[in-house]
$ cat input.pdb   # PDB, C-alpha atoms
ATOM      1  CA  MET S   1     -64.962  53.374 -46.179
ATOM      2  CA  GLU S   2     -61.718  52.986 -48.122
ATOM      3  CA  PHE S   3     -59.944  55.276 -45.662
ATOM      4  CA  THR S   4     -61.239  53.206 -42.742
ATOM      5  CA  ARG S   5     -60.084  49.960 -44.366
ATOM      6  CA  LEU S   6     -56.593  51.346 -45.000
ATOM      7  CA  LYS S   7     -56.408  52.678 -41.445
ATOM      8  CA  ARG S   8     -57.278  49.206 -40.101
ATOM      9  CA  GLN S   9     -54.581  47.709 -42.307
ATOM     10  CA  GLU S  10     -51.995  50.123 -40.969
ATOM     11  CA  ASP S  11     -53.005  49.489 -37.354
ATOM     12  CA  SER S  12     -52.896  45.734 -37.928
ATOM     13  CA  ALA S  13     -49.530  46.081 -39.651
ATOM     14  CA  ALA S  14     -48.073  47.912 -36.642
ATOM     15  CA  VAL S  15     -49.203  45.147 -34.279
ATOM     16  CA  ASP S  16     -47.965  42.378 -36.588
ATOM     17  CA  GLU S  17     -44.603  44.114 -37.015
ATOM     18  CA  ARG S  18     -44.151  44.187 -33.252
ATOM     19  CA  HIS S  19     -45.030  40.487 -33.038
ATOM     20  CA  GLU S  20     -42.658  39.646 -35.888
ATOM     21  CA  GLN S  21     -39.849  41.660 -34.341
ATOM     22  CA  ARG S  22     -40.412  39.951 -30.990
ATOM     23  CA  HIS S  23     -40.307  36.521 -32.654
ATOM     24  CA  GLU S  24     -37.014  37.355 -34.372
ATOM     25  CA  GLU S  25     -35.562  38.758 -31.152
ATOM     26  CA  LEU S  26     -36.476  35.573 -29.279
ATOM     27  CA  THR S  27     -34.837  33.453 -31.993
ATOM     28  CA  ASP S  28     -31.643  35.499 -31.780
ATOM     29  CA  LEU S  29     -31.799  35.316 -27.976
ATOM     30  CA  LEU S  30     -31.828  31.504 -28.133
ATOM     31  CA  VAL S  31     -28.612  31.572 -30.168
ATOM     32  CA  GLN S  32     -27.026  34.093 -27.789
ATOM     33  CA  ILE S  33     -28.000  32.002 -24.768
ATOM     34  CA  GLY S  34     -26.430  28.951 -26.383
ATOM     35  CA  ASN S  35     -23.194  30.842 -26.964
ATOM     36  CA  GLY S  36     -23.341  32.277 -23.435
ATOM     37  CA  VAL S  37     -23.664  28.834 -21.873
ATOM     38  CA  VAL S  38     -20.588  27.657 -23.757
ATOM     39  CA  ASN S  39     -18.537  30.730 -22.823
ATOM     40  CA  LEU S  40     -19.642  30.462 -19.184
ATOM     41  CA  THR S  41     -18.522  26.827 -19.062
ATOM     42  CA  THR S  42     -15.058  27.799 -20.282
ATOM     43  CA  THR S  43     -14.824  30.711 -17.824
ATOM     44  CA  VAL S  44     -15.915  28.603 -14.845
ATOM     45  CA  ASP S  45     -13.388  25.900 -15.720
ATOM     46  CA  SER S  46     -10.568  28.450 -15.871
ATOM     47  CA  HIS S  47     -11.680  30.082 -12.603
ATOM     48  CA  ILE S  48     -11.888  26.788 -10.742
ATOM     49  CA  ASN S  49      -8.441  25.706 -11.910
ATOM     50  CA  SER S  50      -6.973  29.097 -10.999
ATOM     51  CA  ASN S  51      -8.459  29.036  -7.492
ATOM     52  CA  THR S  52      -7.337  25.461  -6.987
ATOM     53  CA  ALA S  53      -3.760  26.354  -7.967
ATOM     54  CA  THR S  54      -3.739  29.374  -5.632
ATOM     55  CA  ALA S  55      -5.054  27.334  -2.703
ATOM     56  CA  HIS S  56      -2.462  24.675  -3.405
ATOM     57  CA  HIS S  57       0.327  27.262  -3.298
ATOM     58  CA  GLN S  58      -0.970  28.823  -0.081
ATOM     59  CA  GLY S  59      -1.117  25.381   1.490
ATOM     60  CA  GLN S  60       2.556  24.842   0.664
ATOM     61  CA  VAL S  61       3.521  28.112   2.329
ATOM     62  CA  LEU S  62       1.497  27.393   5.475
ATOM     63  CA  ALA S  63       2.985  23.930   5.684
ATOM     64  CA  GLU S  64       6.501  25.398   5.613
ATOM     65  CA  VAL S  65       5.645  27.785   8.456
ATOM     66  CA  ALA S  66       3.975  25.064  10.515
ATOM     67  CA  ARG S  67       7.029  22.829  10.299
ATOM     68  CA  GLY S  68       9.162  25.720  11.609
ATOM     69  CA  GLN S  69      11.652  25.539   8.778
ATOM     70  CA  LYS S  70      14.151  28.423   8.664
ATOM     71  CA  ARG S  71      14.519  28.861   4.948
ATOM     72  CA  PRO S  72      12.846  32.013   3.543
ATOM     73  CA  LEU S  73       9.488  31.863   1.913
ATOM     74  CA  ALA S  74      11.166  32.589  -1.418
ATOM     75  CA  ALA S  75      12.522  29.081  -1.282
ATOM     76  CA  VAL S  76       9.035  27.649  -1.379
ATOM     77  CA  PRO S  77       8.564  25.895  -4.717
ATOM     78  CA  PRO S  78       7.157  28.265  -7.348
ATOM     79  CA  LEU S  79       3.475  28.278  -8.117
ATOM     80  CA  GLN S  80       2.572  25.251 -10.210
ATOM     81  CA  PRO S  81      -0.827  24.559 -11.720
ATOM     82  CA  ALA S  82      -2.543  22.127  -9.445
ATOM     83  CA  PRO S  83      -4.069  19.095 -11.094
ATOM     84  CA  ASP S  84      -7.723  19.504 -11.908
ATOM     85  CA  LEU S  85      -9.383  17.404  -9.217
ATOM     86  CA  ARG S  86     -12.245  16.712 -11.568
ATOM     87  CA  ALA S  87      -9.910  15.290 -14.181
ATOM     88  CA  GLY S  88      -9.716  11.939 -12.455
ATOM     89  CA  ARG S  89     -13.457  11.675 -12.323
ATOM     90  CA  THR S  90     -13.827  12.889 -15.893
ATOM     91  CA  VAL S  91     -11.409  10.357 -17.306
ATOM     92  CA  LYS S  92     -13.616   7.656 -15.857
ATOM     93  CA  LYS S  93     -16.626   9.258 -17.448
ATOM     94  CA  LEU S  94     -15.235   9.432 -20.974
ATOM     95  CA  ARG S  95     -17.606   7.499 -23.094
ATOM     96  CA  ARG S  96     -16.986   3.767 -23.409
ATOM     97  CA  PRO S  97     -18.520   1.571 -26.092
ATOM     98  CA  GLY S  98     -22.251   1.517 -25.569
ATOM     99  CA  ALA S  99     -22.172   4.289 -22.914
ATOM    100  CA  PRO S 100     -24.379   7.427 -23.213
ATOM    101  CA  LEU S 101     -23.338   9.974 -25.839
ATOM    102  CA  GLU S 102     -22.902  12.857 -23.392
ATOM    103  CA  PRO S 103     -20.699  12.084 -20.346
ATOM    104  CA  ASP S 104     -20.055  14.781 -17.765
ATOM    105  CA  VAL S 105     -16.790  16.378 -18.941
ATOM    106  CA  SER S 106     -15.669  19.997 -19.053
ATOM    107  CA  LEU S 107     -15.159  21.855 -22.330
ATOM    108  CA  ALA S 108     -11.409  22.182 -21.668
ATOM    109  CA  LEU S 109     -11.059  18.435 -21.143
ATOM    110  CA  ALA S 110     -13.208  17.821 -24.198
ATOM    111  CA  ARG S 111     -10.797  19.843 -26.297
ATOM    112  CA  ASP S 112      -7.796  18.006 -24.842
ATOM    113  CA  ALA S 113      -9.352  14.630 -25.473
ATOM    114  CA  ASP S 114     -10.349  15.641 -28.977
ATOM    115  CA  GLU S 115      -6.848  16.903 -29.767
ATOM    116  CA  GLU S 116      -5.373  13.585 -28.678
ATOM    117  CA  TYR S 117      -8.044  11.618 -30.522
ATOM    118  CA  GLY S 118      -7.666  13.727 -33.662
ATOM    119  CA  GLY S 119      -3.898  13.282 -33.610
ATOM    120  CA  ARG S 120      -4.254   9.527 -33.510
ATOM    121  CA  HIS S 121      -7.064   9.193 -36.008
ATOM    122  CA  LYS S 122      -6.491  12.198 -38.310
ATOM    123  CA  VAL S 123      -9.889  13.772 -37.762
ATOM    124  CA  LYS S 124     -11.003  17.290 -36.909
ATOM    125  CA  HIS S 125     -13.776  17.758 -34.373
ATOM    126  CA  GLU S 126     -13.285  21.422 -33.514
ATOM    127  CA  ILE S 127     -16.757  22.210 -34.847
ATOM    128  CA  LEU S 128     -18.212  20.082 -32.037
ATOM    129  CA  TYR S 129     -16.536  22.030 -29.228
ATOM    130  CA  ALA S 130     -15.580  25.533 -30.473
ATOM    131  CA  THR S 131     -17.361  28.281 -28.551
ATOM    132  CA  ALA S 132     -17.771  30.630 -31.530
ATOM    133  CA  MET S 133     -20.390  30.065 -34.199
ATOM    134  CA  GLU S 134     -19.013  29.450 -37.686
ATOM    135  CA  PRO S 135     -19.076  32.592 -39.901
ATOM    136  CA  GLU S 136     -21.120  30.874 -42.615
ATOM    137  CA  LEU S 137     -24.160  30.561 -40.323
ATOM    138  CA  LEU S 138     -26.955  33.105 -40.646
ATOM    139  CA  SER S 139     -26.878  35.584 -37.798
ATOM    140  CA  LYS S 140     -28.818  38.793 -38.422
ATOM    141  CA  ARG S 141     -32.596  38.927 -38.596
ATOM    142  CA  LEU S 142     -34.536  40.671 -41.350
ATOM    143  CA  VAL S 143     -35.443  44.257 -40.507
ATOM    144  CA  SER S 144     -39.140  45.065 -40.849
ATOM    145  CA  LYS S 145     -39.531  46.918 -44.141
ATOM    146  CA  ALA S 146     -41.364  46.620 -47.456
ATOM    147  CA  LEU S 147     -41.710  43.026 -48.652
ATOM    148  CA  TRP S 148     -39.680  43.518 -51.816
ATOM    149  CA  LYS S 149     -36.806  44.966 -49.761
ATOM    150  CA  GLN S 150     -36.862  41.987 -47.411
ATOM    151  CA  LEU S 151     -36.903  39.616 -50.383
ATOM    152  CA  THR S 152     -33.929  41.502 -51.862
ATOM    153  CA  GLU S 153     -32.018  40.829 -48.655
ATOM    154  CA  MET S 154     -32.983  37.153 -48.816
ATOM    155  CA  VAL S 155     -31.725  36.894 -52.399
ATOM    156  CA  SER S 156     -28.358  38.310 -51.290
ATOM    157  CA  LEU S 157     -27.994  35.257 -49.014
ATOM    158  CA  LEU S 158     -28.118  32.869 -51.997
ATOM    159  CA  HIS S 159     -24.331  32.931 -52.331
ATOM    160  CA  VAL S 160     -21.697  30.211 -52.154
ATOM    161  CA  SER S 161     -18.845  32.054 -50.432
ATOM    162  CA  GLU S 162     -17.007  30.816 -47.367
ATOM    163  CA  GLY S 163     -16.587  33.118 -44.403
ATOM    164  CA  SER S 164     -19.856  35.023 -44.964
ATOM    165  CA  PRO S 165     -23.323  34.302 -43.539
ATOM    166  CA  GLY S 166     -25.465  32.599 -46.158
ATOM    167  CA  LEU S 167     -28.224  30.079 -46.726
ATOM    168  CA  PHE S 168     -26.171  27.347 -48.355
ATOM    169  CA  GLY S 169     -23.296  27.912 -45.929
ATOM    170  CA  SER S 170     -25.677  27.372 -43.009
ATOM    171  CA  TYR S 171     -26.775  24.038 -44.451
ATOM    172  CA  VAL S 172     -23.168  22.969 -45.051
ATOM    173  CA  ILE S 173     -22.245  23.773 -41.442
ATOM    174  CA  LYS S 174     -25.178  21.699 -40.177
ATOM    175  CA  GLN S 175     -24.171  18.810 -42.435
ATOM    176  CA  VAL S 176     -20.597  18.872 -41.138
ATOM    177  CA  HIS S 177     -21.743  19.129 -37.524
ATOM    178  CA  ASP S 178     -24.164  16.235 -37.930
ATOM    179  CA  LEU S 179     -21.472  14.119 -39.594
ATOM    180  CA  ALA S 180     -18.967  14.946 -36.847
ATOM    181  CA  SER S 181     -21.529  13.903 -34.227
ATOM    182  CA  GLU S 182     -22.165  10.622 -36.046
ATOM    183  CA  GLU S 183     -18.425  10.020 -36.361
ATOM    184  CA  ALA S 184     -17.950  10.599 -32.635
ATOM    185  CA  ALA S 185     -20.721   8.122 -31.863
ATOM    186  CA  ALA S 186     -19.201   5.555 -34.238
ATOM    187  CA  ALA S 187     -15.784   6.016 -32.650
ATOM    188  CA  SER S 188     -17.280   5.285 -29.234
ATOM    189  CA  ARG S 189     -18.866   2.109 -30.518
ATOM    190  CA  ASN S 190     -15.428   1.082 -31.795
ATOM    191  CA  GLY S 191     -13.857   1.442 -28.378
ATOM    192  CA  VAL S 192     -12.466   4.990 -28.603
ATOM    193  CA  ALA S 193     -12.967   7.390 -25.671
ATOM    194  CA  VAL S 194     -14.967  10.350 -26.955
ATOM    195  CA  PRO S 195     -15.551  13.604 -25.029
ATOM    196  CA  LYS S 196     -18.897  15.270 -24.456
ATOM    197  CA  LEU S 197     -20.401  17.177 -27.366
ATOM    198  CA  ASN S 198     -21.199  20.884 -27.084
ATOM    199  CA  SER S 199     -24.969  20.516 -26.844
ATOM    200  CA  ALA S 200     -25.564  24.296 -26.579
ATOM    201  CA  LYS S 201     -23.894  24.845 -29.925
ATOM    202  CA  ARG S 202     -25.762  21.972 -31.520
ATOM    203  CA  THR S 203     -29.030  23.585 -30.418
ATOM    204  CA  ALA S 204     -27.959  26.971 -31.764
ATOM    205  CA  ILE S 205     -27.098  25.528 -35.194
ATOM    206  CA  ASN S 206     -30.415  23.685 -35.385
ATOM    207  CA  ASN S 207     -32.276  26.889 -34.467
ATOM    208  CA  VAL S 208     -30.547  28.848 -37.228
ATOM    209  CA  VAL S 209     -31.409  26.251 -39.864
ATOM    210  CA  THR S 210     -34.992  25.611 -38.714
ATOM    211  CA  ASN S 211     -36.074  29.153 -37.829
ATOM    212  CA  LYS S 212     -34.245  31.060 -40.546
ATOM    213  CA  ALA S 213     -32.707  29.063 -43.401
ATOM    214  CA  ASP S 214     -35.679  26.734 -43.970
ATOM    215  CA  VAL S 215     -38.172  29.614 -43.822
ATOM    216  CA  TYR S 216     -36.149  31.689 -46.296
ATOM    217  CA  ILE S 217     -35.609  28.851 -48.764
ATOM    218  CA  ARG S 218     -39.339  28.108 -48.995
ATOM    219  CA  GLN S 219     -40.081  31.747 -49.777
ATOM    220  CA  LEU S 220     -37.223  31.998 -52.272
ATOM    221  CA  SER S 221     -38.411  28.839 -54.014
ATOM    222  CA  TRP S 222     -41.803  30.490 -54.494
ATOM    223  CA  LEU S 223     -40.121  33.756 -55.531
ATOM    224  CA  HIS S 224     -38.104  31.967 -58.212
ATOM    225  CA  GLY S 225     -41.369  31.051 -59.905
ATOM    226  CA  VAL S 226     -42.222  34.754 -60.047
ATOM    227  CA  VAL S 227     -38.766  36.215 -60.758
ATOM    228  CA  PRO S 228     -36.497  33.501 -62.232
ATOM    229  CA  ARG S 229     -33.674  36.046 -62.510
ATOM    230  CA  ILE S 230     -32.808  35.607 -58.823
ATOM    231  CA  MET S 231     -30.943  32.399 -59.758
ATOM    232  CA  GLU S 232     -29.582  33.290 -63.188
ATOM    233  CA  THR S 233     -25.995  33.827 -61.949
ATOM    234  CA  PRO S 234     -23.898  30.656 -62.481
ATOM    235  CA  ALA S 235     -23.150  28.873 -59.222
ATOM    236  CA  ALA S 236     -19.392  29.412 -59.473
ATOM    237  CA  GLU S 237     -19.918  33.174 -59.831
ATOM    238  CA  ALA S 238     -22.593  33.569 -57.137
ATOM    239  CA  THR S 239     -20.270  35.042 -54.521
ATOM    240  CA  ALA S 240     -21.402  37.057 -51.516
ATOM    241  CA  GLU S 241     -20.124  40.227 -53.176
ATOM    242  CA  LYS S 242     -21.923  39.480 -56.437
ATOM    243  CA  MET S 243     -25.263  38.608 -54.825
ATOM    244  CA  SER S 244     -25.180  41.701 -52.607
ATOM    245  CA  THR S 245     -25.642  43.839 -55.734
ATOM    246  CA  PHE S 246     -28.930  42.195 -56.757
ATOM    247  CA  LYS S 247     -31.874  44.586 -57.213
ATOM    248  CA  PHE S 248     -35.433  44.023 -58.458
ATOM    249  CA  THR S 249     -36.634  46.031 -61.447
ATOM    250  CA  ASP S 250     -39.880  48.002 -61.264
ATOM    251  CA  ASP S 251     -41.629  45.382 -63.401
ATOM    252  CA  GLU S 252     -40.379  42.601 -61.129
ATOM    253  CA  ARG S 253     -41.619  44.428 -58.039
ATOM    254  CA  LYS S 254     -45.042  44.790 -59.671
ATOM    255  CA  ALA S 255     -45.037  41.081 -60.547
ATOM    256  CA  ILE S 256     -44.207  40.236 -56.916
ATOM    257  CA  ASP S 257     -47.100  42.373 -55.626
ATOM    258  CA  GLU S 258     -49.528  40.695 -58.019
ATOM    259  CA  ALA S 259     -48.274  37.204 -57.181
ATOM    260  CA  VAL S 260     -48.543  37.875 -53.436
ATOM    261  CA  THR S 261     -52.120  39.105 -53.844
ATOM    262  CA  ALA S 262     -53.057  36.049 -55.921
ATOM    263  CA  ALA S 263     -51.492  33.704 -53.361
ATOM    264  CA  ALA S 264     -53.289  35.442 -50.485
ATOM    265  CA  ILE S 265     -56.640  35.156 -52.265
ATOM    266  CA  LEU S 266     -56.014  31.471 -52.937
ATOM    267  CA  ALA S 267     -55.150  31.002 -49.262
ATOM    268  CA  LYS S 268     -58.410  32.776 -48.338
ATOM    269  CA  VAL S 269     -56.681  35.492 -46.319
ATOM    270  CA  ASP S 270     -59.025  38.183 -44.964
ATOM    271  CA  ILE S 271     -59.322  41.064 -47.435
ATOM    272  CA  GLU S 272     -58.274  43.552 -44.736
ATOM    273  CA  ASP S 273     -55.026  41.733 -43.972
ATOM    274  CA  ARG S 274     -51.872  43.776 -44.533
ATOM    275  CA  ILE S 275     -50.520  41.199 -47.003
ATOM    276  CA  TYR S 276     -52.603  42.857 -49.748
ATOM    277  CA  SER S 277     -50.826  46.222 -49.476
ATOM    278  CA  PRO S 278     -47.273  46.615 -50.879
ATOM    279  CA  ASN S 279     -46.550  49.120 -48.103
ATOM    280  CA  THR S 280     -47.483  46.831 -45.225
ATOM    281  CA  ALA S 281     -46.818  43.317 -46.556
ATOM    282  CA  ARG S 282     -43.912  41.520 -44.867
ATOM    283  CA  THR S 283     -42.134  38.191 -45.274
ATOM    284  CA  SER S 284     -43.868  36.930 -42.117
ATOM    285  CA  GLY S 285     -47.216  37.305 -43.876
ATOM    286  CA  LEU S 286     -45.877  35.630 -47.013
ATOM    287  CA  ARG S 287     -44.571  32.784 -44.859
ATOM    288  CA  ASP S 288     -48.038  32.216 -43.397
ATOM    289  CA  VAL S 289     -49.670  32.313 -46.852
ATOM    290  CA  LEU S 290     -47.205  29.755 -48.243
ATOM    291  CA  CYS S 291     -47.750  27.484 -45.213
ATOM    292  CA  THR S 292     -51.491  27.539 -45.875
ATOM    293  CA  LEU S 293     -50.967  26.758 -49.559
ATOM    294  CA  ALA S 294     -48.640  23.890 -48.665
ATOM    295  CA  VAL S 295     -51.363  22.312 -46.542
ATOM    296  CA  ASP S 296     -54.423  23.103 -48.653
ATOM    297  CA  HIS S 297     -52.996  23.135 -52.184
ATOM    298  CA  ASP S 298     -49.879  20.924 -52.008
ATOM    299  CA  LEU S 299     -47.419  23.761 -52.584
ATOM    300  CA  PRO S 300     -43.914  22.186 -52.377
ATOM    301  CA  SER S 301     -42.407  22.772 -48.922
ATOM    302  CA  ASN S 302     -39.821  20.009 -48.455
ATOM    303  CA  VAL S 303     -36.559  21.931 -48.012
ATOM    304  CA  GLY S 304     -34.378  18.848 -48.426
ATOM    305  CA  HIS S 305     -35.919  18.165 -51.822
ATOM    306  CA  MET S 306     -35.550  21.837 -52.810
ATOM    307  CA  LEU S 307     -31.809  21.791 -52.045
ATOM    308  CA  ARG S 308     -31.365  18.652 -54.154
ATOM    309  CA  SER S 309     -33.279  20.060 -57.129
ATOM    310  CA  PRO S 310     -33.047  23.041 -59.498
ATOM    311  CA  PRO S 311     -32.637  25.922 -59.045
ATOM    312  CA  PHE S 312     -30.774  25.462 -55.735
ATOM    313  CA  GLU S 313     -28.966  22.178 -56.408
ATOM    314  CA  GLU S 314     -25.916  23.599 -58.205
ATOM    315  CA  ARG S 315     -25.314  26.346 -55.684
ATOM    316  CA  MET S 316     -25.634  23.913 -52.807
ATOM    317  CA  LYS S 317     -22.965  21.723 -54.408
ATOM    318  CA  GLU S 318     -20.712  24.719 -55.044
ATOM    319  CA  ALA S 319     -21.061  25.975 -51.473
ATOM    320  CA  LYS S 320     -20.239  22.531 -50.108
ATOM    321  CA  ALA S 321     -17.170  22.300 -52.339
ATOM    322  CA  ARG S 322     -15.917  25.638 -51.025
ATOM    323  CA  ILE S 323     -16.829  25.400 -47.351
ATOM    324  CA  TYR S 324     -16.861  21.731 -46.372
ATOM    325  CA  GLY S 325     -13.085  21.306 -46.452
ATOM    326  CA  ARG S 326     -12.594  23.851 -43.682
ATOM    327  CA  TYR S 327     -14.446  21.603 -41.245
ATOM    328  CA  GLU S 328     -13.889  18.205 -42.841
ATOM    329  CA  VAL S 329     -14.442  15.179 -40.669
ATOM    330  CA  SER S 330     -12.794  11.883 -41.537
ATOM    331  CA  PRO S 331     -14.606   8.523 -41.337
ATOM    332  CA  ALA S 332     -14.696   6.847 -37.945
ATOM    333  CA  PRO S 333     -11.835   4.442 -37.153
ATOM    334  CA  GLN S 334     -12.945   0.866 -37.467
ATOM    335  CA  PRO S 335     -12.149  -1.974 -35.040
ATOM    336  CA  PRO S 336      -9.517  -4.518 -36.113
ATOM    337  CA  ALA S 337     -10.812  -7.188 -38.454
ATOM    338  CA  ALA S 338     -11.470 -10.513 -36.790
ATOM    339  CA  SER S 339      -8.684 -12.992 -37.495
TER     340      SER S 339
END
$ encode --input "input.pdb" --output "structure tokens"
Amino acid sequence: MEFTRLKRQEDSAAVDERHEQRHEELTDLLVQIGNGVVNLTTTVDSHINSNTATAHHQGQVLAEVARGQKRPLAAVPPLQPAPDLRAGRTVKKLRRPGAPLEPDVSLALARDADEEYGGRHKVKHEILYATAMEPELLSKRLVSKALWKQLTEMVSLLHVSEGSPGLFGSYVIKQVHDLASEEAAAASRNGVAVPKLNSAKRTAINNVVTNKADVYIRQLSWLHGVVPRIMETPAAEATAEKMSTFKFTDDERKAIDEAVTAAAILAKVDIEDRIYSPNTARTSGLRDVLCTLAVDHDLPSNVGHMLRSPPFEERMKEAKARIYGRYEVSPAPQPPAAS
């Protein structure tokens, strides 16, 4: 009977691992699609402008021949970039006060408009239009392996360094992006022409935070109650390099196994579920258990509150102090005071 139960657990674990891997692959695919849409927009813009310039040049040559002029073709004016025919339309579609937030403007024009706007108002909006994702955003998915190994990888993301994917860095990037979006909207209300936001990138950032960062933080908050040592490093010293060396002791791994089993029993998980075996338990199963406990037993699950409270509060502040300045957005320009 015991052999049969273990065999069922292993079979169930194999199926669940495939489902978990598929879920992670779909999440990553959403981010890749968002990036692809942005890159495609830039490529199409460049291609259209190039073709327009070539056609313009050919038209000049044909016109010279048609008029029967004797000068050699070399005398035809050199190739000059033809004006983007959409530019005239786009200028009219730049957002006016009270107009929709997303007018129809190309990424190239958005960058030009933002450069001009930023020069006049001393703000940086590159995060709204850049095609690449910021390096602080989480990118890789967790590989399916023993629960304690996956949790070790999660703990390594609790760093405050700039330029490396991390949990707090992902939240800082979202904060800056949200603030930049609000500033752009405020500028429009104050009569400043504002280009279209990169909606594909905004979606990608939201997906990273919702589908990865929030899920990890909830599990790490629970883990801190089991192994407080995961947050013992002072915030100023919790660099990516330092956190990458974290390892659980044998006693801590045993404590994790016991805590997971207790949580699963409290959540009334079927006794044959793979969450009960250290060899087959995964973070996806722990996520489901914690979700059940949040609903049925009021287990804390508000990520915003977690980031504003110990043990994450200090590291969140440290990460913001280190990363925020790279993407700082100034307050929106205000209209002249009424005389």
$ resolve_selection --input "input.pdb" --expression "the PyMOL selection byres ((chain S and resi 147) around 9)" --output "PyMOL selection string"
chain S and resi 144-146+148-152+257+278-283+286
$ closest_residue --input "input.pdb" --among "S:Gln219, S:Glu126, S:Ala213, S:Arg315" --to "S:Ala180" --atoms "only C-alpha atoms"
S:Glu126
$ resolve_selection --input "input.pdb" --expression "the PyMOL selection byres ((chain S and resi 262) around 12)" --output "list in words"
Val226, Ala255, Ile256, Asp257, Glu258, Ala259, Val260, Thr261, Ala263, Ala264, Ile265, Leu266, Ala267, Lys268, Val269, Ile271, Ile275, Tyr276, Leu286, Val289, Leu290 and Leu293 of chain S
$ resolve_selection --input "input.pdb" --expression "the PyMOL selection byres ((chain S and resi 167) around 9)" --output "count of residues only"
21
$ closest_residue --input "input.pdb" --among "S:Ile173, S:Ala240, S:Thr245, S:Val208" --to "S:Lys140" --atoms "all atoms listed in the file"
S:Val208
$ atom_distance --input "input.pdb" --atom1 "atom CA of S:Met133" --atom2 "atom CA of S:Arg202"
10.1 Å
$ atom_distance --input "input.pdb" --atom1 "atom CA of S:Gly163" --atom2 "atom CA of S:Thr239"
10.9 Å
$ build_atoms --input "input.pdb" --residues "stretch 237-250 of chain S" --atoms "N, CA and C atoms" --output "PDB file, in the frame of the given file"
ATOM      1  N   GLU S 237     -20.065  31.714 -59.879  1.00  0.00           N
ATOM      2  CA  GLU S 237     -19.918  33.174 -59.831  1.00  0.00           C
ATOM      3  C   GLU S 237     -20.810  33.817 -58.771  1.00  0.00           C
ATOM      4  N   ALA S 238     -21.626  33.029 -58.102  1.00  0.00           N
ATOM      5  CA  ALA S 238     -22.593  33.569 -57.137  1.00  0.00           C
ATOM      6  C   ALA S 238     -21.927  33.807 -55.786  1.00  0.00           C
ATOM      7  N   THR S 239     -20.978  34.725 -55.756  1.00  0.00           N
ATOM      8  CA  THR S 239     -20.270  35.042 -54.521  1.00  0.00           C
ATOM      9  C   THR S 239     -21.108  35.980 -53.661  1.00  0.00           C
ATOM     10  N   ALA S 240     -20.696  36.149 -52.413  1.00  0.00           N
ATOM     11  CA  ALA S 240     -21.402  37.057 -51.516  1.00  0.00           C
ATOM     12  C   ALA S 240     -21.375  38.475 -52.065  1.00  0.00           C
ATOM     13  N   GLU S 241     -20.246  38.878 -52.614  1.00  0.00           N
ATOM     14  CA  GLU S 241     -20.124  40.227 -53.176  1.00  0.00           C
ATOM     15  C   GLU S 241     -21.048  40.408 -54.376  1.00  0.00           C
ATOM     16  N   LYS S 242     -21.086  39.411 -55.241  1.00  0.00           N
ATOM     17  CA  LYS S 242     -21.923  39.480 -56.437  1.00  0.00           C
ATOM     18  C   LYS S 242     -23.400  39.531 -56.071  1.00  0.00           C
ATOM     19  N   MET S 243     -23.840  38.677 -55.176  1.00  0.00           N
ATOM     20  CA  MET S 243     -25.263  38.608 -54.825  1.00  0.00           C
ATOM     21  C   MET S 243     -25.726  39.830 -54.030  1.00  0.00           C
ATOM     22  N   SER S 244     -24.801  40.511 -53.377  1.00  0.00           N
ATOM     23  CA  SER S 244     -25.180  41.701 -52.607  1.00  0.00           C
ATOM     24  C   SER S 244     -25.584  42.864 -53.501  1.00  0.00           C
ATOM     25  N   THR S 245     -25.299  42.759 -54.804  1.00  0.00           N
ATOM     26  CA  THR S 245     -25.642  43.839 -55.734  1.00  0.00           C
ATOM     27  C   THR S 245     -26.991  43.621 -56.409  1.00  0.00           C
ATOM     28  N   PHE S 246     -27.665  42.502 -56.085  1.00  0.00           N
ATOM     29  CA  PHE S 246     -28.930  42.195 -56.757  1.00  0.00           C
ATOM     30  C   PHE S 246     -29.996  43.223 -56.393  1.00  0.00           C
ATOM     31  N   LYS S 247     -30.759  43.658 -57.414  1.00  0.00           N
ATOM     32  CA  LYS S 247     -31.874  44.586 -57.213  1.00  0.00           C
ATOM     33  C   LYS S 247     -33.024  44.174 -58.130  1.00  0.00           C
ATOM     34  N   PHE S 248     -34.253  44.283 -57.639  1.00  0.00           N
ATOM     35  CA  PHE S 248     -35.433  44.023 -58.458  1.00  0.00           C
ATOM     36  C   PHE S 248     -35.714  45.226 -59.363  1.00  0.00           C
ATOM     37  N   THR S 249     -36.186  44.950 -60.569  1.00  0.00           N
ATOM     38  CA  THR S 249     -36.634  46.031 -61.447  1.00  0.00           C
ATOM     39  C   THR S 249     -38.052  46.443 -61.040  1.00  0.00           C
ATOM     40  N   ASP S 250     -38.514  47.555 -61.568  1.00  0.00           N
ATOM     41  CA  ASP S 250     -39.880  48.002 -61.264  1.00  0.00           C
ATOM     42  C   ASP S 250     -40.916  46.979 -61.713  1.00  0.00           C
TER      43      ASP S 250
END
